>>> print(open('coords33.tsv').read())   # TSV, C-alpha atoms
chain	number	residue	atom	x	y	z
D	184	MET	CA	-119.38	-61.72	-93.90
D	185	GLY	CA	-120.42	-62.64	-97.44
D	186	ILE	CA	-118.99	-62.57	-100.93
D	187	LEU	CA	-120.77	-59.33	-101.93
D	188	ASP	CA	-119.62	-57.33	-98.90
D	189	TRP	CA	-117.47	-55.11	-101.10
D	190	LEU	CA	-120.67	-54.00	-102.89
D	191	THR	CA	-122.51	-53.12	-99.71
D	192	GLY	CA	-119.54	-51.65	-97.86
D	193	SER	CA	-119.84	-54.27	-95.12
D	194	LYS	CA	-116.84	-54.78	-92.88
D	195	PRO	CA	-116.60	-57.33	-90.06
D	196	ALA	CA	-115.77	-56.34	-86.50
D	197	PRO	CA	-112.01	-56.15	-86.00
D	198	SER	CA	-110.49	-59.13	-84.26
D	199	GLY	CA	-109.06	-58.56	-80.81
D	200	VAL	CA	-111.32	-55.58	-79.99
D	201	ALA	CA	-113.83	-56.19	-77.19
D	202	ARG	CA	-117.38	-55.25	-78.16
D	203	GLU	CA	-118.80	-52.30	-76.24
D	204	SER	CA	-122.38	-52.01	-75.07
D	205	VAL	CA	-125.01	-50.42	-77.30
D	206	ALA	CA	-125.03	-47.34	-75.04
D	207	LYS	CA	-121.26	-46.85	-75.45
D	208	LEU	CA	-121.49	-47.48	-79.20
D	209	ARG	CA	-124.23	-44.83	-79.45
D	210	GLN	CA	-122.00	-42.33	-77.59
D	211	ARG	CA	-119.04	-43.22	-79.81
D	212	LEU	CA	-121.06	-42.64	-83.02
D	213	LEU	CA	-122.54	-39.37	-81.73
D	214	ALA	CA	-118.99	-38.24	-80.86
D	215	VAL	CA	-118.17	-38.28	-84.60
D	216	ASN	CA	-119.92	-34.88	-84.73
D	217	ARG	CA	-117.72	-31.83	-85.14
D	218	PRO	CA	-118.72	-28.22	-85.89
D	219	THR	CA	-116.63	-28.03	-89.08
D	220	ALA	CA	-118.16	-31.13	-90.70
D	221	PRO	CA	-120.87	-30.66	-93.35
D	222	PHE	CA	-122.80	-33.54	-91.75
D	223	LYS	CA	-124.16	-34.39	-88.33
D	224	VAL	CA	-125.02	-37.58	-86.46
D	225	ARG	CA	-128.25	-37.42	-84.49
D	226	GLU	CA	-130.82	-39.60	-82.75
D	227	ALA	CA	-133.34	-41.02	-85.20
D	228	THR	CA	-137.00	-40.14	-85.06
D	229	LYS	CA	-139.56	-42.87	-84.50
D	230	LYS	CA	-140.74	-42.43	-88.10
D	231	GLU	CA	-137.21	-43.17	-89.42
D	232	GLY	CA	-137.30	-46.60	-87.77
D	233	CYS	CA	-133.63	-46.81	-86.78
D	234	ASP	CA	-131.30	-45.81	-83.94
D	235	LEU	CA	-129.11	-43.03	-85.38
D	236	VAL	CA	-128.97	-40.94	-88.56
D	237	ALA	CA	-125.98	-39.23	-90.17
D	238	GLU	CA	-127.01	-36.56	-92.69
D	239	TRP	CA	-125.66	-33.60	-94.64
D	240	ARG	CA	-126.37	-30.32	-92.85
D	241	ILE	CA	-128.33	-29.06	-95.82
D	242	VAL	CA	-130.99	-27.36	-93.67
D	243	ASP	CA	-128.50	-25.94	-91.15
D	244	ALA	CA	-128.37	-22.13	-91.53
D	245	LYS	CA	-124.55	-22.15	-91.51
D	246	TRP	CA	-124.40	-24.64	-94.38
D	247	TYR	CA	-127.41	-24.13	-96.64
D	248	GLU	CA	-125.92	-21.12	-98.43
D	249	ILE	CA	-122.87	-23.22	-99.35
D	250	PHE	CA	-125.05	-26.09	-100.57
D	251	ALA	CA	-127.37	-23.70	-102.47
D	252	LYS	CA	-124.46	-21.99	-104.25
D	253	ALA	CA	-123.07	-25.37	-105.18
D	254	GLY	CA	-126.44	-26.35	-106.64
D	255	ILE	CA	-126.78	-29.43	-104.44
D	256	LYS	CA	-130.08	-31.02	-105.22
D	257	ARG	CA	-130.03	-34.03	-102.89
D	258	VAL	CA	-130.21	-34.83	-99.20
D	259	PHE	CA	-127.97	-37.76	-98.28
D	260	LYS	CA	-128.54	-39.77	-95.10
D	261	VAL	CA	-127.09	-42.90	-93.52
D	262	LEU	CA	-129.65	-44.62	-91.30
D	263	MET	CA	-128.11	-46.90	-88.65
D	264	LYS	CA	-129.68	-49.65	-86.58
D	265	PHE	CA	-127.85	-51.66	-83.94
D	266	ASP	CA	-128.03	-55.47	-84.19
D	267	GLU	CA	-126.78	-56.45	-80.76
D	268	ALA	CA	-127.16	-60.19	-81.38
D	269	LYS	CA	-124.76	-60.06	-84.37
D	270	GLY	CA	-122.62	-57.20	-83.09
D	271	GLU	CA	-123.24	-55.15	-86.22
D	272	VAL	CA	-124.34	-51.67	-87.11
D	273	ARG	CA	-126.76	-52.15	-90.00
D	274	ALA	CA	-126.75	-49.15	-92.33
D	275	VAL	CA	-128.75	-48.02	-95.32
D	276	ASP	CA	-128.27	-44.89	-97.43
D	277	GLU	CA	-131.13	-42.64	-98.48
D	278	GLU	CA	-131.13	-39.80	-100.99
D	279	TRP	CA	-133.93	-37.31	-101.54
D	280	GLU	CA	-134.47	-34.59	-104.10
D	281	VAL	CA	-134.09	-31.00	-102.82
D	282	GLU	CA	-135.54	-27.85	-104.34
D	283	TRP	CA	-134.09	-24.40	-103.57
D	284	ARG	CA	-136.40	-21.42	-103.16
D	285	ALA	CA	-134.87	-18.00	-102.51
D	286	GLY	CA	-131.73	-19.64	-101.12
D	287	VAL	CA	-133.64	-21.79	-98.62
D	288	PRO	CA	-133.80	-25.57	-99.00
D	289	THR	CA	-137.15	-27.29	-99.07
D	290	LEU	CA	-137.75	-30.94	-99.74
D	291	SER	CA	-139.54	-31.19	-103.03
D	292	ALA	CA	-142.52	-33.34	-103.74
D	293	SER	CA	-140.49	-35.21	-106.30
D	294	ALA	CA	-140.87	-38.97	-106.44
D	295	ARG	CA	-137.12	-39.34	-107.00
D	296	ALA	CA	-135.46	-41.07	-104.07
D	297	SER	CA	-133.09	-43.94	-103.57
D	298	ARG	CA	-132.42	-46.38	-100.79
D	299	GLY	CA	-129.60	-48.88	-100.50
D	300	GLN	CA	-125.87	-48.19	-100.71
D	301	SER	CA	-124.44	-45.16	-102.50
D	302	TRP	CA	-120.91	-44.18	-103.44
D	303	GLU	CA	-120.29	-40.81	-104.95
D	304	LYS	CA	-117.44	-38.34	-105.15
D	305	SER	CA	-117.84	-34.97	-106.80
D	306	PHE	CA	-116.36	-31.51	-106.47
D	307	GLU	CA	-116.67	-28.04	-107.90
D	308	THR	CA	-114.84	-24.73	-107.55
D	309	VAL	CA	-116.20	-21.57	-109.11
D	310	TYR	CA	-114.17	-18.42	-109.87
D	311	ALA	CA	-115.72	-15.21	-111.16
D	312	PHE	CA	-115.28	-11.47	-111.50
D	313	ASP	CA	-116.73	-9.22	-108.81
D	314	GLU	CA	-119.23	-6.80	-110.40
D	315	GLU	CA	-118.17	-3.82	-108.27
D	316	ASP	CA	-114.37	-3.81	-108.49
D	317	LEU	CA	-113.87	-6.38	-111.28
D	318	SER	CA	-111.53	-8.39	-109.07
D	319	PHE	CA	-111.25	-12.07	-109.90
D	320	GLY	CA	-111.49	-14.69	-107.16
D	321	LYS	CA	-112.98	-17.87	-105.82
D	322	ILE	CA	-116.72	-17.69	-105.18
D	323	TYR	CA	-117.06	-21.08	-103.52
D	324	SER	CA	-115.53	-24.49	-103.40
D	325	TYR	CA	-117.55	-27.61	-102.75
D	326	LYS	CA	-116.88	-31.32	-102.47
D	327	PHE	CA	-119.23	-34.22	-101.91
D	328	ASP	CA	-117.92	-37.61	-100.95
D	329	THR	CA	-120.15	-40.23	-99.35
D	330	ARG	CA	-117.04	-41.64	-97.68
D	331	GLU	CA	-116.72	-38.37	-95.74
D	332	ILE	CA	-119.77	-39.47	-93.77
D	333	LYS	CA	-119.37	-43.24	-93.87
D	334	ASP	CA	-115.67	-43.71	-93.06
D	335	PRO	CA	-115.79	-41.99	-89.62
D	336	LEU	CA	-118.91	-44.00	-88.74
D	337	VAL	CA	-117.32	-47.32	-89.70
D	338	GLU	CA	-114.14	-46.38	-87.82
D	339	ALA	CA	-116.17	-45.51	-84.70
D	340	ALA	CA	-118.08	-48.80	-84.89
D	341	HIS	CA	-114.83	-50.77	-85.29
D	342	ALA	CA	-113.20	-48.90	-82.39
D	343	GLY	CA	-116.10	-50.16	-80.26
D	344	GLY	CA	-115.68	-53.75	-81.47
D	345	TRP	CA	-118.72	-53.70	-83.76
D	346	GLY	CA	-119.02	-54.71	-87.41
D	347	TRP	CA	-120.61	-52.61	-90.18
D	348	ARG	CA	-123.28	-54.15	-92.43
D	349	GLY	CA	-124.33	-52.11	-95.45
D	350	VAL	CA	-127.89	-53.01	-96.39
D	351	ALA	CA	-128.73	-52.77	-100.08
D	352	PHE	CA	-131.96	-54.75	-100.12
D	353	GLY	CA	-134.30	-55.82	-97.37
D	354	LYS	CA	-135.09	-54.52	-93.94
D	355	LEU	CA	-132.73	-52.37	-91.96
>>> encode(input="coords33.tsv", output="structure tokens")
Amino acid sequence: MGILDWLTGSKPAPSGVARESVAKLRQRLLAVNRPTAPFKVREATKKEGCDLVAEWRIVDAKWYEIFAKAGIKRVFKVLMKFDEAKGEVRAVDEEWEVEWRAGVPTLSASARASRGQSWEKSFETVYAFDEEDLSFGKIYSYKFDTREIKDPLVEAAHAGGWGWRGVAFGKL
């Protein structure tokens, strides 16, 4: 690993852990999914040009109301490609602008997007009065932390004996 690994979030494979096959690594990364997580890991499409994608569930019916109330305006994805020769999961982050229409998310035609490595942590809790009974209470609570997606993926790769290579520039 190189001198700028701390910038890209790259972490070498742990010593003493035998490297699993690509098929077992794929299963291990897909097993990171859980119903209560605001993200999901899925097979990549051919157009995405990678092996797996982890993304916020912003278009999932169960989650989009939460994201809409919180005013989330971005889609965050981690695209992963397996480099079997080096024993690394190569990963790049993508963010896209989101526009909300009547509480339903649609990707906007905005030219704003980023690709590389992202680190962000933000949170918001909103309290308000209910119009009907004037009771005061929490309307919603939201947190966004890129590590919430990335850390379980890196841990899963390491458990399978693979390294994690964050790609900031160049080809995935």
>>> residues_around(input="coords33.tsv", residues="Lys354 in chain D", least_positions_apart="5", cutoff="12 Å", atoms="only C-alpha atoms", output="list of chain:residue names")
D:Gly232, D:Cys233, D:Leu262, D:Met263, D:Lys264, D:Arg273, D:Ala274, D:Val275, D:Arg298, D:Gly299, D:Arg348, D:Gly349
>>> atom_distance(input="coords33.tsv", atom1="CA of Ala351 in chain D", atom2="CA of Asp276 in chain D")
8.3 Å
>>> closest_residue(input="coords33.tsv", among="D:Leu317, D:Val205, D:Ala339, D:Leu355", to="Gly270 in chain D", atoms="all atoms listed in the file")
D:Val205
>>> closest_residue(input="coords33.tsv", among="D:Phe222, D:Lys321, D:Pro197, D:Asp234", to="Lys260 in chain D", atoms="only C-alpha atoms")
D:Phe222
>>> atom_distance(input="coords33.tsv", atom1="CA of Leu212 in chain D", atom2="CA of Asp334 in chain D")
11.4 Å
>>> atom_distance(input="coords33.tsv", atom1="CA of Tyr310 in chain D", atom2="CA of Thr329 in chain D")
24.9 Å
